[in-house]
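Participant: Encoded as structure tokens, here's the structure I'll be asking about.
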Amino acid sequence: MYRQLFCLTLCYSPLLNAAELQLTINNIKTTDGAIMIALFNQAQHADFPYQIKQAHTLKIPAQLEQITASFSELENGRYAVACYHDENANAQLDMNWLGIPQEAYGFSNDAQAQVLGTPSFEQAAFDLTETVSLAITLTD
């Protein structure tokens, strides 16, 4: 009996801690391309926001003004989001010769880019338990 209960607990324990992140991405200026979204967890903080392959990702067709997206069945923890509007659909954030982004981008907490780079994981981080709703405003 206890063995069956233990197995049942192990099988369903990830679902007991499942959390959901609901995102609203604002300030979308055109319907060209897609909004690329990457969700990083605490273990990936050193990769933020560059190692997209390590993160949970979504690609949502662009719509004027705003889109909504969600990540479900996530483990509770500390996360950060980075996103950009891939207007020309080349699957990368285009930059000029100085390294300044040429496509709109944004981060959770609306964390601002630094003079010589991106915000840190901690500047964009939030705690995820159960359901969290966030809004991100893309740069102009």
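A note on labels: chains of the structure tokens are A, B, ... as shown, every chain counts residues from 1, and ligands are counted from 1 in their shown order.
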Please report, as a PyMOL selection string, each residue of chain A to which DSSP assigns strand (DSSP E or B) when run on this structure's backbone.
Facilitator: chain A and resi 19-28+34-41+56-61+65-74+77-86+95+101+105-107+114+117+126-128+131-137
Participant: If DSSP is run on the backbone, what residues of stretch 12-135 of chain A are helix (DSSP H, G or I)? A reply as a ChimeraX atom specification would be ideal.
Facilitator: /A:12-16,42-47,52-54,108-110,121-124
Participant: Name the residues in contact with A:Ile60 at a cut-off of 12 Å, using only C-alpha atoms, excluding same-chain residues fewer than 2 positions from it; report them as a ChimeraX atom specification.
Facilitator: /A:23-25,28,31-38,57-58,62-63,66-70,83-87,89
Participant: I'd like to know which of A:Leu128, A:Asn27, A:Gly77, A:Ser120 is closest to A:Asp140, using only C-alpha atoms.
Facilitator: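 For A:Asp140, the nearest of the given residues is A:Asn27.
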Participant: Mind dumping a table of every stretch 38-68 of chain A residue within 10 Å of stretch 91-111 of chain A, with the nearest atom pair and its distance in Å to one decimal, using only C-alpha atoms, sorted by chain and rising number, as JSON lines?
Facilitator:
{"residue": "A:Ala38", "atom": "CA", "partner": "A:Phe107", "partner_atom": "CA", "distance": 9.6}
{"residue": "A:Leu39", "atom": "CA", "partner": "A:Ser108", "partner_atom": "CA", "distance": 9.5}
{"residue": "A:Pro49", "atom": "CA", "partner": "A:Phe107", "partner_atom": "CA", "distance": 9.0}
{"residue": "A:Lys59", "atom": "CA", "partner": "A:Ala91", "partner_atom": "CA", "distance": 9.6}
Participant: Take the selection from the previous step and output its residues with C-alpha atoms, as a PDB file, in the first residue's frame.
Facilitator:
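Saved as selection-v5.pdb:
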ATOM      1  CA  ALA A  38      13.129  32.817 -24.590  1.00  0.00           C
ATOM      2  CA  LEU A  39      12.526  31.797 -20.981  1.00  0.00           C
ATOM      3  CA  PRO A  49      19.982  36.331 -22.810  1.00  0.00           C
ATOM      4  CA  LYS A  59       7.860  31.816 -31.820  1.00  0.00           C
TER       5      LYS A  59
END
